[in-house]
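What follows is the content of target_1.cif, which has mmCIF, C-alpha atoms and all ligand atoms:
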```cif
data_target
loop_
_atom_site.label_atom_id
_atom_site.label_comp_id
_atom_site.auth_asym_id
_atom_site.auth_seq_id
_atom_site.Cartn_x
_atom_site.Cartn_y
_atom_site.Cartn_z
CA MET Y 168 -47.39 94.64 62.66
CA GLU Y 169 -45.14 94.23 59.63
CA THR Y 170 -44.42 90.63 58.60
CA VAL Y 171 -40.85 89.99 57.44
CA GLU Y 172 -40.14 86.88 55.40
CA THR Y 173 -37.05 85.07 56.69
CA ALA Y 174 -34.80 82.63 54.80
CA GLY Y 175 -36.62 79.32 54.34
CA SER Y 176 -40.10 80.68 55.11
CA ALA Y 177 -43.00 79.97 52.75
CA PRO Y 178 -43.47 82.39 49.82
CA ALA Y 179 -46.41 84.80 50.07
CA ALA Y 180 -49.73 83.57 48.68
CA VAL Y 181 -50.24 84.76 45.13
CA ILE Y 182 -53.49 85.16 43.21
CA VAL Y 183 -53.24 84.64 39.43
CA ALA Y 184 -56.12 85.37 37.02
CA ILE Y 185 -55.96 83.77 33.56
CA ASP Y 186 -58.65 84.80 31.07
CA GLY Y 187 -59.18 84.44 27.34
CA PRO Y 188 -61.39 82.98 24.62
CA SER Y 189 -62.06 79.24 24.14
CA GLY Y 190 -59.16 77.01 23.20
CA THR Y 191 -56.40 79.51 23.92
CA GLY Y 192 -54.86 77.12 26.46
CA LYS Y 193 -56.20 78.52 29.76
CA SER Y 194 -56.91 75.16 31.42
CA SER Y 195 -53.74 73.40 30.28
CA THR Y 196 -51.56 76.37 31.23
CA SER Y 197 -53.30 77.11 34.55
CA LYS Y 198 -53.14 73.52 35.77
CA ALA Y 199 -49.46 73.15 34.88
CA VAL Y 200 -48.47 76.50 36.39
CA ALA Y 201 -50.40 75.78 39.61
CA ALA Y 202 -48.89 72.29 39.90
CA GLN Y 203 -45.36 73.56 39.28
CA LEU Y 204 -45.66 76.37 41.86
CA GLY Y 205 -47.65 74.50 44.51
CA LEU Y 206 -50.78 76.62 44.08
CA SER Y 207 -54.46 75.69 44.00
CA TYR Y 208 -56.33 75.73 40.68
CA LEU Y 209 -59.89 76.74 39.82
CA ASP Y 210 -61.61 76.10 36.46
CA THR Y 211 -64.51 78.58 36.51
CA GLY Y 212 -65.76 77.40 33.11
CA ALA Y 213 -66.40 74.00 34.73
CA GLN Y 214 -68.63 75.73 37.30
CA TYR Y 215 -70.73 77.41 34.58
CA ARG Y 216 -70.88 74.11 32.74
CA ALA Y 217 -71.98 72.35 35.97
CA ILE Y 218 -74.89 74.72 36.58
CA THR Y 219 -75.85 74.38 32.89
CA TRP Y 220 -75.73 70.57 33.20
CA TRP Y 221 -78.05 70.77 36.26
CA MET Y 222 -80.53 72.95 34.34
CA VAL Y 223 -80.57 70.59 31.35
CA HIS Y 224 -80.92 67.59 33.70
CA ASN Y 225 -83.88 69.25 35.44
CA GLY Y 226 -85.68 70.33 32.27
CA ILE Y 227 -85.34 74.08 32.82
CA GLU Y 228 -86.36 76.14 29.75
CA LEU Y 229 -83.02 77.60 28.70
CA THR Y 230 -84.44 80.12 26.24
CA ASP Y 231 -86.10 81.85 29.22
CA PRO Y 232 -83.66 83.90 31.38
CA THR Y 233 -86.38 84.35 34.04
CA ALA Y 234 -86.73 80.57 34.43
CA ILE Y 235 -82.93 80.23 34.70
CA ALA Y 236 -82.72 83.05 37.26
CA ALA Y 237 -85.48 81.52 39.40
CA VAL Y 238 -83.48 78.33 40.04
CA ALA Y 239 -79.91 79.70 39.92
CA GLY Y 240 -79.50 79.26 43.69
CA LYS Y 241 -80.65 75.64 43.83
CA PRO Y 242 -77.76 73.37 42.79
CA GLU Y 243 -74.82 72.94 45.16
CA ILE Y 244 -71.63 73.14 43.13
CA VAL Y 245 -68.35 71.99 44.70
CA SER Y 246 -64.96 72.43 42.99
CA GLY Y 247 -61.85 70.48 44.06
CA THR Y 248 -58.79 72.69 43.54
CA ASP Y 249 -55.88 70.23 43.36
CA PRO Y 250 -54.30 71.01 39.94
CA LEU Y 251 -53.24 67.36 39.59
CA SER Y 252 -56.84 66.09 39.95
CA PRO Y 253 -59.42 68.89 39.78
CA THR Y 254 -62.97 67.78 40.54
CA ILE Y 255 -66.49 69.17 40.08
CA THR Y 256 -69.70 67.89 41.66
CA VAL Y 257 -73.33 69.03 41.58
CA ASP Y 258 -75.40 68.01 44.61
CA GLY Y 259 -72.78 65.35 45.30
CA THR Y 260 -72.74 63.89 41.76
CA ASP Y 261 -69.44 63.83 39.86
CA VAL Y 262 -70.17 65.72 36.62
CA ALA Y 263 -66.62 66.06 35.24
CA GLY Y 264 -67.59 63.99 32.17
CA PRO Y 265 -71.19 65.13 31.51
CA ILE Y 266 -70.28 68.84 31.56
CA ARG Y 267 -68.10 68.37 28.43
CA THR Y 268 -70.89 67.13 26.13
CA THR Y 269 -71.74 69.15 23.01
CA GLU Y 270 -75.21 69.76 24.46
CA VAL Y 271 -73.80 71.51 27.56
CA THR Y 272 -71.17 73.32 25.46
CA SER Y 273 -73.87 74.70 23.14
CA LYS Y 274 -76.03 75.94 26.05
CA VAL Y 275 -73.49 77.23 28.58
CA SER Y 276 -73.25 80.74 27.07
CA ALA Y 277 -77.01 81.31 27.48
CA VAL Y 278 -76.99 80.15 31.11
CA SER Y 279 -73.82 82.03 32.05
CA ALA Y 280 -75.24 85.29 30.64
CA VAL Y 281 -77.97 85.40 33.32
CA PRO Y 282 -76.97 87.91 36.07
CA GLU Y 283 -78.36 85.73 38.91
CA VAL Y 284 -76.20 82.82 37.74
CA ARG Y 285 -73.12 85.04 37.56
CA ALA Y 286 -73.73 86.52 41.02
CA ARG Y 287 -74.03 83.05 42.54
CA ILE Y 288 -70.94 81.62 40.82
CA THR Y 289 -68.84 84.74 41.35
CA GLU Y 290 -69.47 84.58 45.11
CA LEU Y 291 -68.42 80.93 45.13
CA GLN Y 292 -65.25 81.74 43.19
CA ARG Y 293 -64.25 84.53 45.57
CA THR Y 294 -64.78 82.26 48.60
CA ILE Y 295 -62.59 79.55 47.06
CA ALA Y 296 -59.83 82.03 46.13
CA ALA Y 297 -59.85 83.57 49.61
CA SER Y 298 -59.39 80.18 51.26
CA ALA Y 299 -56.40 79.09 49.13
CA GLU Y 300 -53.58 79.33 51.67
CA LYS Y 301 -50.65 79.19 49.24
CA GLY Y 302 -52.43 81.07 46.48
CA ILE Y 303 -54.41 80.03 43.43
CA VAL Y 304 -54.55 80.16 39.65
CA VAL Y 305 -58.13 80.97 38.57
CA GLU Y 306 -59.03 80.68 34.89
CA GLY Y 307 -62.09 81.94 33.03
CA ARG Y 308 -63.48 84.90 31.12
CA ASP Y 309 -64.04 87.65 33.74
CA ILE Y 310 -61.56 86.79 36.49
CA GLY Y 311 -59.26 89.79 36.02
CA THR Y 312 -62.08 92.24 35.30
CA THR Y 313 -64.77 91.20 37.81
CA VAL Y 314 -64.14 88.20 40.05
CA LEU Y 315 -60.65 89.08 41.33
CA PRO Y 316 -59.89 92.64 40.21
CA ASP Y 317 -57.07 92.83 42.82
CA ALA Y 318 -55.29 89.67 41.58
CA ASP Y 319 -51.49 89.87 41.85
CA LEU Y 320 -51.07 88.88 38.22
CA LYS Y 321 -53.53 88.94 35.32
CA ILE Y 322 -52.85 87.10 32.08
CA PHE Y 323 -55.01 87.28 28.92
CA LEU Y 324 -54.32 84.40 26.53
CA THR Y 325 -55.18 84.71 22.84
CA ALA Y 326 -54.63 82.59 19.70
CA SER Y 327 -55.94 82.72 16.14
CA PRO Y 328 -59.29 80.97 15.54
CA GLU Y 329 -57.48 78.60 13.16
CA ALA Y 330 -54.96 77.52 15.82
CA ARG Y 331 -57.69 77.12 18.43
CA ALA Y 332 -59.89 75.07 16.11
CA ALA Y 333 -56.98 72.82 15.17
CA ARG Y 334 -56.20 72.22 18.86
CA ARG Y 335 -59.83 71.40 19.68
CA SER Y 336 -60.24 69.18 16.58
CA GLY Y 337 -57.16 67.26 17.70
CA GLU Y 338 -58.90 66.61 21.04
CA LEU Y 339 -62.22 65.58 19.48
CA LYS Y 340 -60.79 62.93 17.18
CA GLY Y 341 -62.00 63.38 13.59
CA ALA Y 342 -63.99 66.57 14.29
CA ASP Y 343 -64.34 68.93 11.34
CA VAL Y 344 -61.92 71.87 11.80
CA ALA Y 345 -64.15 74.38 9.96
CA ALA Y 346 -67.21 73.46 12.04
CA THR Y 347 -65.16 73.58 15.25
CA ARG Y 348 -63.84 77.02 14.25
CA GLU Y 349 -67.38 78.34 13.65
CA ALA Y 350 -68.59 76.96 17.00
CA LEU Y 351 -65.67 78.59 18.85
CA ILE Y 352 -66.28 81.94 17.16
CA LYS Y 353 -70.01 81.77 17.95
CA ARG Y 354 -69.39 81.00 21.64
CA ASP Y 355 -66.75 83.75 21.95
CA ALA Y 356 -69.17 86.26 20.38
CA ALA Y 357 -71.91 85.33 22.87
CA ASP Y 358 -69.49 85.44 25.83
CA SER Y 359 -68.04 88.80 24.71
CA SER Y 360 -71.35 90.53 24.06
CA ARG Y 361 -73.34 89.68 27.19
CA LYS Y 362 -74.18 92.63 29.45
CA THR Y 363 -72.92 91.20 32.76
CA SER Y 364 -69.14 90.70 33.06
CA PRO Y 365 -68.40 89.74 29.45
CA LEU Y 366 -65.23 88.05 28.26
CA ALA Y 367 -62.73 90.92 28.28
CA LYS Y 368 -59.07 91.71 28.88
CA ALA Y 369 -58.47 93.67 32.07
CA GLY Y 370 -56.61 96.93 31.50
CA ASP Y 371 -53.69 95.71 33.62
CA ALA Y 372 -53.50 92.18 32.16
CA VAL Y 373 -50.46 90.86 30.30
CA GLU Y 374 -51.57 89.59 26.88
CA VAL Y 375 -49.87 86.43 25.59
CA ASP Y 376 -50.58 85.39 21.99
CA THR Y 377 -50.12 81.60 22.01
CA THR Y 378 -50.68 81.03 18.27
CA GLU Y 379 -47.03 80.31 17.52
CA LEU Y 380 -46.05 79.04 20.97
CA THR Y 381 -45.95 75.47 22.24
CA LEU Y 382 -47.88 74.74 25.43
CA GLN Y 383 -44.54 74.31 27.24
CA GLN Y 384 -43.41 77.79 26.12
CA VAL Y 385 -46.65 79.34 27.41
CA ILE Y 386 -46.29 77.55 30.75
CA GLU Y 387 -42.68 78.74 31.13
CA CYS Y 388 -43.70 82.31 30.27
CA VAL Y 389 -46.47 82.36 32.89
CA VAL Y 390 -44.34 80.64 35.58
CA THR Y 391 -41.68 83.34 35.10
CA LEU Y 392 -44.28 86.11 35.43
CA VAL Y 393 -45.70 84.55 38.63
CA GLU Y 394 -42.25 84.10 40.15
CA GLU Y 395 -41.43 87.74 39.44
CA LYS Y 396 -44.64 88.84 41.16
CA ARG Y 397 -44.00 86.55 44.14
CA ALA Y 398 -40.47 87.85 44.54
CA ALA Y 399 -41.75 91.43 44.55
CA LYS Y 400 -44.40 90.78 47.27
N1 LIG Y 501 -49.77 76.58 22.98
C1 LIG Y 501 -50.40 75.46 22.61
N2 LIG Y 501 -50.01 74.79 21.53
C2 LIG Y 501 -50.65 73.68 21.11
N3 LIG Y 501 -51.72 73.13 21.73
C3 LIG Y 501 -52.15 73.76 22.83
C4 LIG Y 501 -51.53 74.95 23.32
N4 LIG Y 501 -52.21 75.34 24.42
C5 LIG Y 501 -53.20 74.45 24.60
N5 LIG Y 501 -53.16 73.50 23.65
C6 LIG Y 501 -54.11 72.39 23.47
O1 LIG Y 501 -55.32 72.99 23.02
C7 LIG Y 501 -56.44 72.36 23.59
C8 LIG Y 501 -57.29 73.39 24.32
O2 LIG Y 501 -56.58 73.85 25.44
P1 LIG Y 501 -57.31 74.25 26.80
O3 LIG Y 501 -58.43 73.30 27.11
O4 LIG Y 501 -56.26 74.42 27.83
O5 LIG Y 501 -57.93 75.66 26.37
P2 LIG Y 501 -58.96 76.59 27.14
O6 LIG Y 501 -58.57 77.99 26.84
O7 LIG Y 501 -59.01 76.20 28.58
O8 LIG Y 501 -60.33 76.23 26.42
P3 LIG Y 501 -61.84 76.40 26.95
O9 LIG Y 501 -62.01 77.80 27.36
O10 LIG Y 501 -62.67 76.06 25.77
O11 LIG Y 501 -62.02 75.43 28.10
C9 LIG Y 501 -55.88 71.24 24.49
O12 LIG Y 501 -55.89 70.04 23.76
C10 LIG Y 501 -54.46 71.67 24.76
O13 LIG Y 501 -53.59 70.60 24.99
N1 LIG Y 502 -65.35 83.04 34.16
C1 LIG Y 502 -66.14 82.42 33.24
C2 LIG Y 502 -65.83 81.16 32.78
C3 LIG Y 502 -66.66 80.57 31.86
N2 LIG Y 502 -67.75 81.22 31.44
C4 LIG Y 502 -68.71 80.62 30.51
C5 LIG Y 502 -68.50 81.02 29.09
C6 LIG Y 502 -67.89 79.81 28.44
O1 LIG Y 502 -68.33 79.67 27.09
C7 LIG Y 502 -68.40 78.66 29.30
C8 LIG Y 502 -67.54 77.43 29.37
O2 LIG Y 502 -66.20 77.78 29.69
P1 LIG Y 502 -64.97 76.84 29.28
O3 LIG Y 502 -65.15 75.54 29.96
O4 LIG Y 502 -65.02 76.69 27.80
O5 LIG Y 502 -63.76 77.57 29.76
O6 LIG Y 502 -68.57 79.21 30.59
C9 LIG Y 502 -68.02 82.49 31.89
O7 LIG Y 502 -69.03 83.10 31.48
N3 LIG Y 502 -67.21 83.06 32.80
#
```

What would the structure in this file look like if it were written as structure tokens?
Ligand SMILES: Nc1ncnc2c1ncn2[C@@H]1O[C@H](COP(=O)(O)OP(=O)(O)OP(=O)(O)O)[C@@H](O)[C@H]1O
Ligand SMILES: Nc1ccn([C@H]2C[C@H](O)[C@@H](COP(=O)(O)O)O2)c(=O)n1
Amino acid sequence: METVETAGSAPAAVIVAIDGPSGTGKSSTSKAVAAQLGLSYLDTGAQYRAITWWMVHNGIELTDPTAIAAVAGKPEIVSGTDPLSPTITVDGTDVAGPIRTTEVTSKVSAVSAVPEVRARITELQRTIAASAEKGIVVEGRDIGTTVLPDADLKIFLTASPEARAARRSGELKGADVAATREALIKRDAADSSRKTSPLAKAGDAVEVDTTELTLQQVIECVVTLVEEKRAAK
């Protein structure tokens, strides 16, 4: 039976995929867009960081993909999807802080390249997206290409390495911009060159270069694109 939306009824659920390299503004933009439009929000990078944290915490040998694959199914990762207070736990422990350490950041690309890890996390992401009643903004590296290839809207954010390093150095007070730039470039290269669902722009994604844009301008641009998609549904 055809469903007709009447005046005053809730807008159709909308699935938004936001991908791009590190520091392009995916998290800040996704959270703000989701909050403004009443959608859920999922930070998939936090999930890969959480499984990496668990492996470090449990002494898994991270130079050995077979050792990583063997335990990929063990930790229980739970993501809270309220854009105003997103949460992440591993086996019931709040790891929102520990997953942002430089140790986890330097090891997450190796862990997230293992196919068994990706299969596990991708399944979790699809389950969360399917249960978001009003729709969801999901941000990561392979959302538009692999996790949610039928998303209503796909955005690929970019920015120059210099702009991204300056943004990150501003966050990590006093951090060296050149060293931050090199670390970003190294992580992007690893994420882009892995065999299983690498960082990539989907063919039907809208690319937004944020180098010369303020965060507010990027948010407004994405909100407009989502509203257009919702109106057309
Ligand atoms: N357009 C912008 N102009 C200036 N600063 C920005 C802009 N977008 C984001 N930022 C700032 O840059 C930093 C990185 O942004 P954010 O964490 O959203 O990026 P990200 O793409 O999610 O990064 P990662 O993939 O590494 O998690 C934050 O401090 C954020 O406030
Ligand atoms: N969909 C995703 C999301 C993240 N990753 C990996 C690669 C990133 O370097 C790492 C951390 O992500 P961040 O918190 O910086 O957004 O997680 C991935 O492979 N796929």

Grab me every residue within 8 Å of ligand LIG 502 (chain Y), counting only C-alpha atoms and all ligand atoms, and send it over as a JSON list (two decimals) with C-alpha atoms, in the frame of the given file.
```json
[["chain", "number", "residue", "atom", "x", "y", "z"],
["Y", 186, "ASP", "CA", -58.65, 84.80, 31.07],
["Y", 188, "PRO", "CA", -61.39, 82.98, 24.62],
["Y", 189, "SER", "CA", -62.06, 79.24, 24.14],
["Y", 190, "GLY", "CA", -59.16, 77.01, 23.20],
["Y", 193, "LYS", "CA", -56.20, 78.52, 29.76],
["Y", 194, "SER", "CA", -56.91, 75.16, 31.42],
["Y", 210, "ASP", "CA", -61.61, 76.10, 36.46],
["Y", 211, "THR", "CA", -64.51, 78.58, 36.51],
["Y", 212, "GLY", "CA", -65.76, 77.40, 33.11],
["Y", 213, "ALA", "CA", -66.40, 74.00, 34.73],
["Y", 214, "GLN", "CA", -68.63, 75.73, 37.30],
["Y", 215, "TYR", "CA", -70.73, 77.41, 34.58],
["Y", 216, "ARG", "CA", -70.88, 74.11, 32.74],
["Y", 267, "ARG", "CA", -68.10, 68.37, 28.43],
["Y", 272, "THR", "CA", -71.17, 73.32, 25.46],
["Y", 275, "VAL", "CA", -73.49, 77.23, 28.58],
["Y", 276, "SER", "CA", -73.25, 80.74, 27.07],
["Y", 279, "SER", "CA", -73.82, 82.03, 32.05],
["Y", 280, "ALA", "CA", -75.24, 85.29, 30.64],
["Y", 285, "ARG", "CA", -73.12, 85.04, 37.56],
["Y", 306, "GLU", "CA", -59.03, 80.68, 34.89],
["Y", 307, "GLY", "CA", -62.09, 81.94, 33.03],
["Y", 308, "ARG", "CA", -63.48, 84.90, 31.12],
["Y", 309, "ASP", "CA", -64.04, 87.65, 33.74],
["Y", 310, "ILE", "CA", -61.56, 86.79, 36.49],
["Y", 314, "VAL", "CA", -64.14, 88.20, 40.05],
["Y", 354, "ARG", "CA", -69.39, 81.00, 21.64],
["Y", 355, "ASP", "CA", -66.75, 83.75, 21.95],
["Y", 357, "ALA", "CA", -71.91, 85.33, 22.87],
["Y", 358, "ASP", "CA", -69.49, 85.44, 25.83],
["Y", 364, "SER", "CA", -69.14, 90.70, 33.06],
["Y", 365, "PRO", "CA", -68.40, 89.74, 29.45],
["Y", 366, "LEU", "CA", -65.23, 88.05, 28.26]]
```

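Going from atom CA of Pro178 of chain Y to atom CA of Val393 of chain Y covers 11.6 Å.
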
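Between atom CA of Val245 of chain Y and atom CA of Arg334 of chain Y the interatomic distance comes to 28.6 Å.
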
Mind giving me the straight-line distance from atom CA of Lys241 of chain Y to atom CA of Gly302 of chain Y in Å, one decimal?
28.9 Å

Identify, on the basis of all atoms listed in the file, every residue whose closest approach to Met222 of chain Y does not exceed 9 Å; exclude the query and any residue fewer than 6 positions from it along the same chain; express the result as a VMD selection string.
chain Y and resid 228 to 229 235 238 to 239 242 278

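Ranking Y:Glu338, Y:Glu243, Y:Glu290, Y:Asp343 by their shortest atom-to-atom distance to ligand LIG 501 (chain Y), with all atoms listed in the file included, puts Y:Glu338 first.
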
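For the point (-47.8, 84.9, 50.7) in file coordinates, the residues within 12 Å, using all atoms listed in the file, are Y:Thr170, Y:Val171, Y:Glu172, Y:Ser176, Y:Ala177, Y:Pro178, Y:Ala179, Y:Ala180, Y:Val181, Y:Ile182, Y:Leu206, Y:Ala299, Y:Glu300, Y:Lys301, Y:Gly302, Y:Ile303, Y:Asp319, Y:Glu394, Y:Lys396, Y:Arg397, Y:Ala398, Y:Ala399, Y:Lys400.
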
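Here the question is which of Y:Val223, Y:Ala202, Y:Val305, Y:Ala296 gets nearest to ligand LIG 501 (chain Y) using all atoms listed in the file, and that residue is Y:Val305.
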
Non-local contacts of Thr378 of chain Y (7 Å; all atoms listed in the file; under 3 positions in same chain excluded) as a PyMOL selection string
chain Y and resi 326-327+330

Polymer residues at most 9 Å from Asp371 of chain Y, only C-alpha atoms, same-chain spacing of 4 or more positions, as a PDB file with C-alpha atoms, keeping the file's coordinate frame:
```
ATOM      1  CA  GLY Y 311     -59.260  89.790  36.020  1.00  0.00           C
ATOM      2  CA  LEU Y 320     -51.070  88.880  38.220  1.00  0.00           C
ATOM      3  CA  LYS Y 321     -53.530  88.940  35.320  1.00  0.00           C
ATOM      4  CA  ILE Y 322     -52.850  87.100  32.080  1.00  0.00           C
TER       5      ILE Y 322
END
```

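Distance annotation: of Y:Thr269, Y:Thr260, Y:Thr312, Y:Thr294, the residue with the minimal separation from ligand LIG 501 (chain Y) is Y:Thr269; atom set is only C-alpha atoms and all ligand atoms.
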
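All polymer residues at most 12 Å from (-61.2, 65.9, 43.2), using only C-alpha atoms, appear as Ser207, Tyr208, Leu209, Val245, Ser246, Gly247, Thr248, Asp249, Pro250, Leu251, Ser252, Pro253, Thr254, Ile255, Thr256, Gly259, Thr260, Asp261, Val262 and Ala263 of chain Y.
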
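Residue nearest Glu374 of chain Y within the list Y:Leu351, Y:Val271, Y:Ile185, Y:Ile266: Y:Ile185 [criterion: smallest interatomic distance, only C-alpha atoms].
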
Can you fill out segment 255-274 of chain Y with N, CA, C and O atoms and hand it back as a PDB file, in the frame of the given file?
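Now in result_27.pdb:
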```pdb
ATOM      1  N   ILE Y 255     -65.296  68.306  40.083  1.00  0.00           N
ATOM      2  CA  ILE Y 255     -66.490  69.170  40.080  1.00  0.00           C
ATOM      3  C   ILE Y 255     -67.702  68.272  40.349  1.00  0.00           C
ATOM      4  O   ILE Y 255     -67.885  67.258  39.672  1.00  0.00           O
ATOM      5  N   THR Y 256     -68.478  68.648  41.366  1.00  0.00           N
ATOM      6  CA  THR Y 256     -69.700  67.890  41.660  1.00  0.00           C
ATOM      7  C   THR Y 256     -70.892  68.841  41.736  1.00  0.00           C
ATOM      8  O   THR Y 256     -70.742  70.032  42.043  1.00  0.00           O
ATOM      9  N   VAL Y 257     -72.074  68.293  41.433  1.00  0.00           N
ATOM     10  CA  VAL Y 257     -73.330  69.030  41.580  1.00  0.00           C
ATOM     11  C   VAL Y 257     -74.222  68.180  42.485  1.00  0.00           C
ATOM     12  O   VAL Y 257     -74.511  67.024  42.149  1.00  0.00           O
ATOM     13  N   ASP Y 258     -74.607  68.743  43.617  1.00  0.00           N
ATOM     14  CA  ASP Y 258     -75.400  68.010  44.610  1.00  0.00           C
ATOM     15  C   ASP Y 258     -74.796  66.634  44.875  1.00  0.00           C
ATOM     16  O   ASP Y 258     -75.505  65.624  44.963  1.00  0.00           O
ATOM     17  N   GLY Y 259     -73.484  66.585  44.958  1.00  0.00           N
ATOM     18  CA  GLY Y 259     -72.780  65.350  45.300  1.00  0.00           C
ATOM     19  C   GLY Y 259     -72.482  64.419  44.137  1.00  0.00           C
ATOM     20  O   GLY Y 259     -71.768  63.431  44.291  1.00  0.00           O
ATOM     21  N   THR Y 260     -72.995  64.737  42.935  1.00  0.00           N
ATOM     22  CA  THR Y 260     -72.740  63.890  41.760  1.00  0.00           C
ATOM     23  C   THR Y 260     -71.529  64.392  40.988  1.00  0.00           C
ATOM     24  O   THR Y 260     -71.438  65.592  40.684  1.00  0.00           O
ATOM     25  N   ASP Y 261     -70.613  63.476  40.662  1.00  0.00           N
ATOM     26  CA  ASP Y 261     -69.440  63.830  39.860  1.00  0.00           C
ATOM     27  C   ASP Y 261     -69.899  64.109  38.422  1.00  0.00           C
ATOM     28  O   ASP Y 261     -70.418  63.215  37.759  1.00  0.00           O
ATOM     29  N   VAL Y 262     -69.699  65.353  37.971  1.00  0.00           N
ATOM     30  CA  VAL Y 262     -70.170  65.720  36.620  1.00  0.00           C
ATOM     31  C   VAL Y 262     -69.010  66.083  35.689  1.00  0.00           C
ATOM     32  O   VAL Y 262     -69.216  66.715  34.657  1.00  0.00           O
ATOM     33  N   ALA Y 263     -67.793  65.684  36.051  1.00  0.00           N
ATOM     34  CA  ALA Y 263     -66.620  66.060  35.240  1.00  0.00           C
ATOM     35  C   ALA Y 263     -66.776  65.628  33.784  1.00  0.00           C
ATOM     36  O   ALA Y 263     -66.375  66.369  32.874  1.00  0.00           O
ATOM     37  N   GLY Y 264     -67.375  64.472  33.543  1.00  0.00           N
ATOM     38  CA  GLY Y 264     -67.590  63.990  32.170  1.00  0.00           C
ATOM     39  C   GLY Y 264     -68.781  64.673  31.508  1.00  0.00           C
ATOM     40  O   GLY Y 264     -68.648  65.299  30.438  1.00  0.00           O
ATOM     41  N   PRO Y 265     -69.970  64.580  32.132  1.00  0.00           N
ATOM     42  CA  PRO Y 265     -71.190  65.130  31.510  1.00  0.00           C
ATOM     43  C   PRO Y 265     -71.128  66.621  31.171  1.00  0.00           C
ATOM     44  O   PRO Y 265     -71.815  67.057  30.252  1.00  0.00           O
ATOM     45  N   ILE Y 266     -70.308  67.395  31.868  1.00  0.00           N
ATOM     46  CA  ILE Y 266     -70.280  68.840  31.560  1.00  0.00           C
ATOM     47  C   ILE Y 266     -69.524  69.143  30.264  1.00  0.00           C
ATOM     48  O   ILE Y 266     -69.533  70.279  29.792  1.00  0.00           O
ATOM     49  N   ARG Y 267     -68.865  68.143  29.683  1.00  0.00           N
ATOM     50  CA  ARG Y 267     -68.100  68.370  28.430  1.00  0.00           C
ATOM     51  C   ARG Y 267     -68.869  67.932  27.191  1.00  0.00           C
ATOM     52  O   ARG Y 267     -68.303  67.907  26.091  1.00  0.00           O
ATOM     53  N   THR Y 268     -70.140  67.559  27.313  1.00  0.00           N
ATOM     54  CA  THR Y 268     -70.890  67.130  26.130  1.00  0.00           C
ATOM     55  C   THR Y 268     -71.169  68.327  25.219  1.00  0.00           C
ATOM     56  O   THR Y 268     -71.164  69.487  25.671  1.00  0.00           O
ATOM     57  N   THR Y 269     -71.444  68.050  23.933  1.00  0.00           N
ATOM     58  CA  THR Y 269     -71.740  69.150  23.010  1.00  0.00           C
ATOM     59  C   THR Y 269     -73.042  69.850  23.405  1.00  0.00           C
ATOM     60  O   THR Y 269     -73.189  71.046  23.177  1.00  0.00           O
ATOM     61  N   GLU Y 270     -73.956  69.120  24.038  1.00  0.00           N
ATOM     62  CA  GLU Y 270     -75.210  69.760  24.460  1.00  0.00           C
ATOM     63  C   GLU Y 270     -74.928  70.848  25.511  1.00  0.00           C
ATOM     64  O   GLU Y 270     -75.385  71.991  25.381  1.00  0.00           O
ATOM     65  N   VAL Y 271     -74.134  70.507  26.526  1.00  0.00           N
ATOM     66  CA  VAL Y 271     -73.800  71.510  27.560  1.00  0.00           C
ATOM     67  C   VAL Y 271     -72.986  72.644  26.934  1.00  0.00           C
ATOM     68  O   VAL Y 271     -73.250  73.825  27.185  1.00  0.00           O
ATOM     69  N   THR Y 272     -72.017  72.290  26.086  1.00  0.00           N
ATOM     70  CA  THR Y 272     -71.170  73.320  25.460  1.00  0.00           C
ATOM     71  C   THR Y 272     -72.021  74.314  24.657  1.00  0.00           C
ATOM     72  O   THR Y 272     -71.768  75.519  24.681  1.00  0.00           O
ATOM     73  N   SER Y 273     -73.060  73.812  23.983  1.00  0.00           N
ATOM     74  CA  SER Y 273     -73.870  74.700  23.140  1.00  0.00           C
ATOM     75  C   SER Y 273     -74.827  75.570  23.973  1.00  0.00           C
ATOM     76  O   SER Y 273     -75.326  76.572  23.484  1.00  0.00           O
ATOM     77  N   LYS Y 274     -75.058  75.194  25.240  1.00  0.00           N
ATOM     78  CA  LYS Y 274     -76.030  75.940  26.050  1.00  0.00           C
ATOM     79  C   LYS Y 274     -75.404  76.778  27.155  1.00  0.00           C
ATOM     80  O   LYS Y 274     -76.074  77.620  27.771  1.00  0.00           O
TER      81      LYS Y 274
END
```
